[in-house]
Amino acid sequence: MALATGGSGAVAEGVPSTITAESCTTCHGPGGIGSGAIPRLAGEPAADLSAALTGFRDGTRESTIMSRLTGPLTDEDIAGIADYFSSLGAPAQ
Ligand code: HEC
């Protein structure tokens with residue numbers, strides 16, 4: 001299930017091959033800076049991101065969209081994604 005949409009989005013290092021950063025940034029804004037009602041990921045603590053993703057995957061946190069996306073992820077996948085978005089700078093606001 002490759003979610004890559006092509007274009008300029010590079011596959012982030014440490015992010016599993018089935019998931020590209022671009023598949024997240026379609027909704028979460030370029031570089032994960034957030035978009036409208038969709039929360040920012042960039043610069044958030046990795047622990048918070050992985051807790052949110054684990055919650056979506058395990059059903060302890062509800063979100064139709066995010067639960068579907070995180071369903072196939074392993075703990076390792078989640079840690080890689082969390083580290084990646086955490087490592088991106090938060091936008092100046
Ligand atoms: C189809 C749109 C969409 C895509 C694609 C998407 N998300 Fe989300 N994401 C959302 C929405 C909407 C929410 C808010 C859900 C809620 O809190 O109920 C959310 C919430 C989150 C949260 C919780 C943030 C917080 O501060 O509460 C995290 C973490 C997250 N997404 C990570 C990701 C990652 C990583 C990817 C790529 C694997 C991704 N999302 C792809 C729509 C999307």
# chains A, B, ... in the order shown; residues from 1 in each chain; ligands from 1
$ residues_near_ligand --ligand "ligand 1" --cutoff "7 Å" --atoms "only C-alpha atoms and all ligand atoms" --output "PyMOL selection string"
chain A and resi 19+21+23-28+38-41+49-50+52-53+62-63+65-66+69-70+81-82
$ residues_around --residues "Glu44 of chain A" --least-positions-apart "2" --cutoff "10 Å" --atoms "only C-alpha atoms" --output "VMD selection string"
chain A and resid 32 40 to 42 46 to 49 82 to 83 85 to 90
$ write_last_selection --atoms "N, CA, C and O atoms" --output "mmCIF file, in the first residue's frame"
data_model
loop_
_atom_site.group_PDB
_atom_site.id
_atom_site.type_symbol
_atom_site.label_atom_id
_atom_site.label_comp_id
_atom_site.auth_asym_id
_atom_site.auth_seq_id
_atom_site.Cartn_x
_atom_site.Cartn_y
_atom_site.Cartn_z
ATOM 1 N N GLY A 32 4.626 19.100 7.422
ATOM 2 C CA GLY A 32 3.909 18.787 8.654
ATOM 3 C C GLY A 32 3.571 19.999 9.506
ATOM 4 O O GLY A 32 3.391 19.888 10.718
ATOM 5 N N ARG A 40 -0.615 20.348 13.615
ATOM 6 C CA ARG A 40 0.783 20.403 13.219
ATOM 7 C C ARG A 40 1.522 19.196 13.787
ATOM 8 O O ARG A 40 1.261 18.762 14.904
ATOM 9 N N LEU A 41 2.456 18.662 12.994
ATOM 10 C CA LEU A 41 3.306 17.562 13.450
ATOM 11 C C LEU A 41 4.741 18.046 13.649
ATOM 12 O O LEU A 41 5.440 17.586 14.538
ATOM 13 N N ALA A 42 5.173 18.975 12.812
ATOM 14 C CA ALA A 42 6.569 19.412 12.821
ATOM 15 C C ALA A 42 6.952 19.989 14.180
ATOM 16 O O ALA A 42 6.251 20.840 14.722
ATOM 17 N N ALA A 46 8.699 13.872 19.949
ATOM 18 C CA ALA A 46 8.501 12.546 19.354
ATOM 19 C C ALA A 46 7.623 11.676 20.251
ATOM 20 O O ALA A 46 6.811 10.887 19.764
ATOM 21 N N ALA A 47 7.783 11.828 21.562
ATOM 22 C CA ALA A 47 6.998 10.999 22.488
ATOM 23 C C ALA A 47 5.501 11.275 22.329
ATOM 24 O O ALA A 47 4.672 10.364 22.399
ATOM 25 N N ASP A 48 5.156 12.557 22.104
ATOM 26 C CA ASP A 48 3.744 12.907 21.940
ATOM 27 C C ASP A 48 3.196 12.353 20.625
ATOM 28 O O ASP A 48 2.071 11.859 20.559
ATOM 29 N N LEU A 49 4.011 12.478 19.568
ATOM 30 C CA LEU A 49 3.572 11.974 18.266
ATOM 31 C C LEU A 49 3.387 10.468 18.309
ATOM 32 O O LEU A 49 2.386 9.941 17.826
ATOM 33 N N ALA A 82 7.570 9.349 14.118
ATOM 34 C CA ALA A 82 7.558 10.348 15.195
ATOM 35 C C ALA A 82 8.882 11.105 15.233
ATOM 36 O O ALA A 82 8.918 12.330 15.347
ATOM 37 N N ASP A 83 9.999 10.363 15.118
ATOM 38 C CA ASP A 83 11.315 11.010 15.134
ATOM 39 C C ASP A 83 11.462 11.961 13.954
ATOM 40 O O ASP A 83 11.998 13.053 14.088
ATOM 41 N N PHE A 85 9.112 13.612 12.107
ATOM 42 C CA PHE A 85 8.366 14.875 12.190
ATOM 43 C C PHE A 85 8.845 15.735 13.353
ATOM 44 O O PHE A 85 8.855 16.961 13.264
ATOM 45 N N SER A 86 9.267 15.081 14.419
ATOM 46 C CA SER A 86 9.799 15.831 15.554
ATOM 47 C C SER A 86 11.058 16.594 15.163
ATOM 48 O O SER A 86 11.306 17.700 15.640
ATOM 49 N N SER A 87 11.844 15.986 14.261
ATOM 50 C CA SER A 87 13.113 16.597 13.872
ATOM 51 C C SER A 87 12.933 17.794 12.939
ATOM 52 O O SER A 87 13.846 18.580 12.747
ATOM 53 N N LEU A 88 11.754 17.926 12.352
ATOM 54 C CA LEU A 88 11.498 19.073 11.479
ATOM 55 C C LEU A 88 11.246 20.294 12.352
ATOM 56 O O LEU A 88 10.605 20.191 13.393
ATOM 57 N N GLY A 89 11.734 21.405 11.912
ATOM 58 C CA GLY A 89 11.526 22.612 12.704
ATOM 59 C C GLY A 89 10.076 23.045 12.695
ATOM 60 O O GLY A 89 9.386 22.925 11.686
ATOM 61 N N ALA A 90 9.614 23.508 13.811
ATOM 62 C CA ALA A 90 8.277 24.089 13.862
ATOM 63 C C ALA A 90 8.338 25.438 13.162
ATOM 64 O O ALA A 90 9.343 26.123 13.231
#
$ atom_distance --atom1 "atom CA of Pro30 of chain A" --atom2 "atom CA of Thr60 of chain A"
27.6 Å
$ closest_residue --among "A:Gly55, A:Gly80, A:Gly31, A:Gly71" --to "Gly43 of chain A" --atoms "only C-alpha atoms"
A:Gly31
$ closest_residue --among "A:Glu22, A:Thr54, A:Gly29, A:Gly59" --to "Thr74 of chain A" --atoms "only C-alpha atoms"
A:Thr54
